[in-house]
Amino acid sequence: MQMKRSGKVKTTRLFGMSLPFYTLRPVLPTLPPELQCKIFEITASFSPKYALSLMLVARKVKEWIEPFLYHSIVFSRSFENYPPIYKGRDQWKATRAPLFDKATPHARHVLIESSRLDKSAEILQHAPNVESLALWSLPLIIESQRPLLPIIQSLTKLTRISASPYQLMKTKGVSFVFDHAAFVNLTHVGILCMEEDICEWAAWAELALLPKLTHLSVDYSNPNFVEDVLSGCTGLKLFVVFYEDRQEVLDRAAEREEEGVRHPRHPDVGVMLDKRVVQIPEIHDHWVEEWERNVRGQESFWKRAERIQRMRV
């Protein structure tokens, strides 16, 4: 039966029927704002591309989602930079962009590659919420990187790092010794640029003083060093030992007398059979993609190693 209202009733057509306009108003449940926010956050967390689209839904959604665009920061000479927190194509001459102050406080994951000390320090000083940090190819020859150590130590939420402690801690004229002070909150440490002449426990003994360390990886090792690490770091659950699986690279290193930075897979005997040790090939390319998968909790070398470890049980 047609309901009557005073005056003319607006109608619309639906599936060939003429219906009063007011009968088409949807009756939808109203979710609490906190739950709405969580739904959008979960959706946006899968990819920044989703976040860009969701920001167009409504102003309040933009406020919820925009920080996700800045959860990861890459500042590099070799890879694509995002978000654009600096102006200028030449990283060494770049100046801060307006987005710098907006993005850095939201950063949870930061990758800095081949950066000048002042730029590295500037980013980290303005990113107090960083949880995972990658410092790659620091220009040790040009300037000392030791001023970064107190900044790293001040990042109280930092639990993961991928870096060369040698590049961070080396002092001219002084033998390298790992200093644990800046790393006390770390659970995951990825040691890069390990070389034969520093691959001995005497240089790394303070790894044993890291109270939360459970995951460690090195890109160069020897069985004696592996055994010393396992003996010293009693809380270690996983020790990833990278090796070079490309014979042509090993041959070229031998010709150049550079075997001290690359080695093939260690034989599966003795300490290498310890259940905490997992040997996997080095990552040859797509380093940033690997890093992105890691910070998003997707398949990464840590997860691959953990899966190999579980299969042994």
# chains A, B, ... in the order shown; residues from 1 in each chain; ligands from 1
call {"tool": "select_by_dssp", "arguments": {"residues": "segment 80-185 of chain A", "states": "alpha helix (DSSP H)", "output": "list in words"}}
result
Leu99, Phe100, Asp101, Lys102, Ala103, Leu117, Asp118, Lys119, Ser120, Ala121, Glu122, Ile123, Leu124, Gln125, Leu148, Leu149, Pro150, Ile151, Ile152, Gln153, Ser154, Pro165, Tyr166, Gln167, Leu168 and Met169 of chain A
call {"tool": "residues_around", "arguments": {"residues": "Ile123 of chain A", "least_positions_apart": "4", "cutoff": "12 Å", "atoms": "only C-alpha atoms", "output": "ChimeraX atom specification"}}
result
/A:73-75,85-86,95-96,100-107,109-112,115-119,127-130,133,135,148,151-152,155
call {"tool": "closest_residue", "arguments": {"among": "A:Cys37, A:Asp274, A:Leu210, A:Glu227", "to": "Leu54 of chain A", "atoms": "only C-alpha atoms"}}
result
A:Cys37
call {"tool": "closest_residue", "arguments": {"among": "A:Cys233, A:Ala203, A:Leu250, A:Val218", "to": "Gln279 of chain A", "atoms": "only C-alpha atoms"}}
result
A:Val218
call {"tool": "decode", "arguments": {"residues": "segment 230-258 of chain A", "atoms": "N, CA and C atoms", "output": "PDB file, in the first residue's frame"}}
result
ATOM      1  N   LEU A 230      77.846 -19.277  19.434  1.00  0.00           N
ATOM      2  CA  LEU A 230      76.850 -20.135  20.079  1.00  0.00           C
ATOM      3  C   LEU A 230      77.172 -20.355  21.555  1.00  0.00           C
ATOM      4  N   SER A 231      78.439 -20.423  21.881  1.00  0.00           N
ATOM      5  CA  SER A 231      78.837 -20.614  23.276  1.00  0.00           C
ATOM      6  C   SER A 231      78.630 -19.345  24.086  1.00  0.00           C
ATOM      7  N   GLY A 232      78.893 -18.200  23.474  1.00  0.00           N
ATOM      8  CA  GLY A 232      78.808 -16.939  24.207  1.00  0.00           C
ATOM      9  C   GLY A 232      77.413 -16.370  24.313  1.00  0.00           C
ATOM     10  N   CYS A 233      76.626 -16.520  23.251  1.00  0.00           N
ATOM     11  CA  CYS A 233      75.269 -15.940  23.217  1.00  0.00           C
ATOM     12  C   CYS A 233      74.266 -17.025  23.586  1.00  0.00           C
ATOM     13  N   THR A 234      74.072 -17.218  24.857  1.00  0.00           N
ATOM     14  CA  THR A 234      73.269 -18.346  25.334  1.00  0.00           C
ATOM     15  C   THR A 234      71.780 -18.198  25.016  1.00  0.00           C
ATOM     16  N   GLY A 235      71.312 -16.982  24.796  1.00  0.00           N
ATOM     17  CA  GLY A 235      69.900 -16.790  24.488  1.00  0.00           C
ATOM     18  C   GLY A 235      69.574 -16.860  23.014  1.00  0.00           C
ATOM     19  N   LEU A 236      70.579 -17.121  22.188  1.00  0.00           N
ATOM     20  CA  LEU A 236      70.382 -17.135  20.742  1.00  0.00           C
ATOM     21  C   LEU A 236      69.515 -18.328  20.318  1.00  0.00           C
ATOM     22  N   LYS A 237      68.491 -18.027  19.517  1.00  0.00           N
ATOM     23  CA  LYS A 237      67.596 -19.073  19.014  1.00  0.00           C
ATOM     24  C   LYS A 237      67.874 -19.419  17.556  1.00  0.00           C
ATOM     25  N   LEU A 238      68.381 -18.427  16.797  1.00  0.00           N
ATOM     26  CA  LEU A 238      68.619 -18.643  15.368  1.00  0.00           C
ATOM     27  C   LEU A 238      69.871 -17.886  14.952  1.00  0.00           C
ATOM     28  N   PHE A 239      70.789 -18.596  14.299  1.00  0.00           N
ATOM     29  CA  PHE A 239      72.015 -17.994  13.780  1.00  0.00           C
ATOM     30  C   PHE A 239      72.073 -18.291  12.286  1.00  0.00           C
ATOM     31  N   VAL A 240      71.800 -17.259  11.491  1.00  0.00           N
ATOM     32  CA  VAL A 240      71.787 -17.402  10.030  1.00  0.00           C
ATOM     33  C   VAL A 240      73.191 -17.117   9.503  1.00  0.00           C
ATOM     34  N   VAL A 241      73.746 -18.111   8.823  1.00  0.00           N
ATOM     35  CA  VAL A 241      75.086 -17.999   8.243  1.00  0.00           C
ATOM     36  C   VAL A 241      74.934 -17.960   6.727  1.00  0.00           C
ATOM     37  N   PHE A 242      75.201 -16.800   6.153  1.00  0.00           N
ATOM     38  CA  PHE A 242      75.115 -16.664   4.694  1.00  0.00           C
ATOM     39  C   PHE A 242      76.373 -17.225   4.039  1.00  0.00           C
ATOM     40  N   TYR A 243      76.201 -17.732   2.821  1.00  0.00           N
ATOM     41  CA  TYR A 243      77.359 -18.207   2.052  1.00  0.00           C
ATOM     42  C   TYR A 243      77.156 -17.858   0.584  1.00  0.00           C
ATOM     43  N   GLU A 244      78.254 -17.814  -0.149  1.00  0.00           N
ATOM     44  CA  GLU A 244      78.212 -17.496  -1.575  1.00  0.00           C
ATOM     45  C   GLU A 244      77.989 -18.780  -2.368  1.00  0.00           C
ATOM     46  N   ASP A 245      76.918 -18.816  -3.155  1.00  0.00           N
ATOM     47  CA  ASP A 245      76.594 -20.025  -3.915  1.00  0.00           C
ATOM     48  C   ASP A 245      76.901 -19.883  -5.403  1.00  0.00           C
ATOM     49  N   ARG A 246      77.510 -18.784  -5.809  1.00  0.00           N
ATOM     50  CA  ARG A 246      77.853 -18.591  -7.222  1.00  0.00           C
ATOM     51  C   ARG A 246      79.342 -18.882  -7.411  1.00  0.00           C
ATOM     52  N   GLN A 247      79.642 -19.986  -8.117  1.00  0.00           N
ATOM     53  CA  GLN A 247      81.029 -20.417  -8.261  1.00  0.00           C
ATOM     54  C   GLN A 247      81.863 -19.385  -8.996  1.00  0.00           C
ATOM     55  N   GLU A 248      81.261 -18.715  -9.976  1.00  0.00           N
ATOM     56  CA  GLU A 248      82.038 -17.726 -10.726  1.00  0.00           C
ATOM     57  C   GLU A 248      82.479 -16.566  -9.833  1.00  0.00           C
ATOM     58  N   VAL A 249      81.655 -16.218  -8.836  1.00  0.00           N
ATOM     59  CA  VAL A 249      82.025 -15.155  -7.902  1.00  0.00           C
ATOM     60  C   VAL A 249      83.149 -15.624  -6.985  1.00  0.00           C
ATOM     61  N   LEU A 250      83.061 -16.874  -6.540  1.00  0.00           N
ATOM     62  CA  LEU A 250      84.127 -17.421  -5.695  1.00  0.00           C
ATOM     63  C   LEU A 250      85.439 -17.496  -6.466  1.00  0.00           C
ATOM     64  N   ASP A 251      85.366 -17.889  -7.740  1.00  0.00           N
ATOM     65  CA  ASP A 251      86.580 -17.963  -8.557  1.00  0.00           C
ATOM     66  C   ASP A 251      87.187 -16.580  -8.757  1.00  0.00           C
ATOM     67  N   ARG A 252      86.335 -15.606  -9.003  1.00  0.00           N
ATOM     68  CA  ARG A 252      86.829 -14.245  -9.211  1.00  0.00           C
ATOM     69  C   ARG A 252      87.449 -13.694  -7.925  1.00  0.00           C
ATOM     70  N   ALA A 253      86.841 -14.014  -6.783  1.00  0.00           N
ATOM     71  CA  ALA A 253      87.399 -13.562  -5.510  1.00  0.00           C
ATOM     72  C   ALA A 253      88.766 -14.196  -5.262  1.00  0.00           C
ATOM     73  N   ALA A 254      88.914 -15.460  -5.656  1.00  0.00           N
ATOM     74  CA  ALA A 254      90.198 -16.139  -5.480  1.00  0.00           C
ATOM     75  C   ALA A 254      91.270 -15.513  -6.358  1.00  0.00           C
ATOM     76  N   GLU A 255      90.904 -15.166  -7.583  1.00  0.00           N
ATOM     77  CA  GLU A 255      91.856 -14.520  -8.486  1.00  0.00           C
ATOM     78  C   GLU A 255      92.330 -13.174  -7.931  1.00  0.00           C
ATOM     79  N   ARG A 256      91.427 -12.464  -7.286  1.00  0.00           N
ATOM     80  CA  ARG A 256      91.756 -11.141  -6.747  1.00  0.00           C
ATOM     81  C   ARG A 256      92.259 -11.215  -5.303  1.00  0.00           C
ATOM     82  N   GLU A 257      92.414 -12.446  -4.806  1.00  0.00           N
ATOM     83  CA  GLU A 257      92.836 -12.663  -3.424  1.00  0.00           C
ATOM     84  C   GLU A 257      91.893 -11.962  -2.441  1.00  0.00           C
ATOM     85  N   GLU A 258      90.595 -12.128  -2.688  1.00  0.00           N
ATOM     86  CA  GLU A 258      89.560 -11.528  -1.841  1.00  0.00           C
ATOM     87  C   GLU A 258      88.711 -12.601  -1.169  1.00  0.00           C
TER      88      GLU A 258
END
